[in-house]
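Reading through the structure tokens given below for one structure.
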Amino acid sequence: MNGGPSGFNNAPVTRAFVITSVLFTVFFGIRGGGGGGSSSKLALSYQDVFEKFRIWKLIKSSFAFSSTSELLFGVYLLYYFRVFERQIGSNKHSVFILFSGFVSLILQTIVLSLFKDSSANLLTSGPYALIFASFVPFCLDIPVSKRFNVFGLHFSDKSFIYLAGVQLLLSSWKRSMLPGICGIIAGSLYRLNIFGIRKAKLPGIIASFFSRMSLPSSSSHSQAPRRTSPSLGRQAVRSYQAPIPSSIEPSEEAIATLVSMGFDQNAARQALVHARNDVNAATNILLEAHSH
């Protein structure tokens with residue numbers, strides 16, 4: 001299991017988000033706070049929302065981690081979860097980011113209203129909403145491809161992602177657990193398609209703005225995947241070192257998912273056969289073919 005081709009190819013929104021998070025952490029978190037003081041300066045409190053509404057602090061707390069360790073684990077998870085932008089497209093992924101952030105902020109506001117202590121910084125800072133909302137599709141949609149034992153303990157290739165998530169969730173104990181739980185709830189609501197949110201799209205001009213916020217990638221293929229020709233799909237299948245192809249005919253829903261991402265129908269069908277009907281693996285096959 002992996003996040004597909006290395007780098008941020010076909011994931012410009014994720015790239016912009018990661019760069020913004022790193023810059024905010026460097027200038028407002030680690031450097032701006034001066035060690036342990038960064039946590040209290042960025043963390044949200046009841047006063048920040050209800051007594052003195054500080055919009056700039058809300059923005060900073062949504063992007064900036066409060067410590068170097070949180071930054072490392074957070075960026076690692078954000079980088080891996082770029083696979084979801086490749087699956088649903090940059091436009092819908094932008095909707096996912098905005099929805100998870102908005103819902104999580106509402107839930108965190110409710111938590112702050114229950115503990116009316118203006119002197120306490122109850123919630124740690126950082127993009128916990130997006131990270132832990134992404135764990136919902138990671139848990140439900142990403143299959144386990146490898147299992148192994150270490151000293152009698154059972155692990156899978158997904159275990160390392162879960163361990164990084166637990167480390168981040170417990171990094172500041174209750175102050176980090178609350179935003180993490182709010183993010184999981186937001187991701188679950190998106191998964192349930194509340195208000196038809198999974199079909200929502202941003203206007204093209206807004207989606208392109210998010211894409212242009214990031215620095216140029218090392219590859220010229222940072223845009224949405226173009227339609228792959230049948231011959232290119234066959235080339236990808238031949239060059240892809242995968243297990244024995246499945247004899248089961250790919251489902252029309254899986255084919256439609258890949259076609260909606262811009263791939264040719266025949267190429268999508270061949271990739272699904274070779275990937276044993278695993279949409280994620282088939283997407284990686286087609287993206288690798290497109291990058292050559």
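In the structure tokens, chains take letters A, B, ... by order of appearance, with residues numbered from 1 within each chain and ligands from 1 in the order shown.
Once A:Pro137 and its same-chain neighbours fewer than 4 positions away are set aside, A:Phe81, A:Phe84, A:Phe132, A:Ala133, A:Asp141, A:Ile142, A:Gly187, A:Ser188, A:Tyr190, A:Arg191 remain within 10 Å of it when counting only C-alpha atoms.
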Take the residues from that selection and write them out as an mmCIF file, in the first residue's frame, keeping N, CA and C atoms.
data_model
loop_
_atom_site.group_PDB
_atom_site.id
_atom_site.type_symbol
_atom_site.label_atom_id
_atom_site.label_comp_id
_atom_site.auth_asym_id
_atom_site.auth_seq_id
_atom_site.Cartn_x
_atom_site.Cartn_y
_atom_site.Cartn_z
ATOM 1 N N PHE A 81 -2.253 11.160 2.529
ATOM 2 C CA PHE A 81 -3.669 11.275 2.195
ATOM 3 C C PHE A 81 -3.909 12.031 0.891
ATOM 4 N N PHE A 84 -6.354 10.599 -1.802
ATOM 5 C CA PHE A 84 -7.791 10.849 -1.913
ATOM 6 C C PHE A 84 -8.091 11.964 -2.918
ATOM 7 N N PHE A 132 -7.777 14.011 10.472
ATOM 8 C CA PHE A 132 -8.567 12.936 11.062
ATOM 9 C C PHE A 132 -9.874 12.690 10.307
ATOM 10 N N ALA A 133 -10.344 13.664 9.548
ATOM 11 C CA ALA A 133 -11.462 13.395 8.646
ATOM 12 C C ALA A 133 -11.023 12.436 7.551
ATOM 13 N N ASP A 141 -12.075 2.619 2.891
ATOM 14 C CA ASP A 141 -11.898 2.454 1.445
ATOM 15 C C ASP A 141 -10.545 1.890 1.028
ATOM 16 N N ILE A 142 -9.530 2.080 1.843
ATOM 17 C CA ILE A 142 -8.199 1.598 1.463
ATOM 18 C C ILE A 142 -8.015 0.172 1.960
ATOM 19 N N GLY A 187 -15.484 13.875 9.083
ATOM 20 C CA GLY A 187 -15.253 12.926 7.996
ATOM 21 C C GLY A 187 -16.376 11.916 7.863
ATOM 22 N N SER A 188 -16.950 11.510 8.995
ATOM 23 C CA SER A 188 -18.072 10.565 8.971
ATOM 24 C C SER A 188 -19.306 11.196 8.348
ATOM 25 N N TYR A 190 -19.296 13.580 6.121
ATOM 26 C CA TYR A 190 -19.039 13.651 4.684
ATOM 27 C C TYR A 190 -19.262 12.289 4.042
ATOM 28 N N ARG A 191 -18.831 11.252 4.732
ATOM 29 C CA ARG A 191 -19.001 9.889 4.225
ATOM 30 C C ARG A 191 -20.481 9.542 4.085
#
### All alpha helix (DSSP H) residues (DSSP, backbone) inside stretch 8-174 of chain A, as a ChimeraX atom specification
/A:12-24,31-33,37-42,46,55-63,68-80,82-88,90-114,128-141,159-169,174
### Query
atom CA of A:Gly89 and atom CA of A:Val26, how far apart in Å?
29.1 Å
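Counting only C-alpha atoms, the residue from A:Arg147, A:Ala129, A:Gln87, A:Lys201 that sits nearest to A:Phe263 is A:Gln87.
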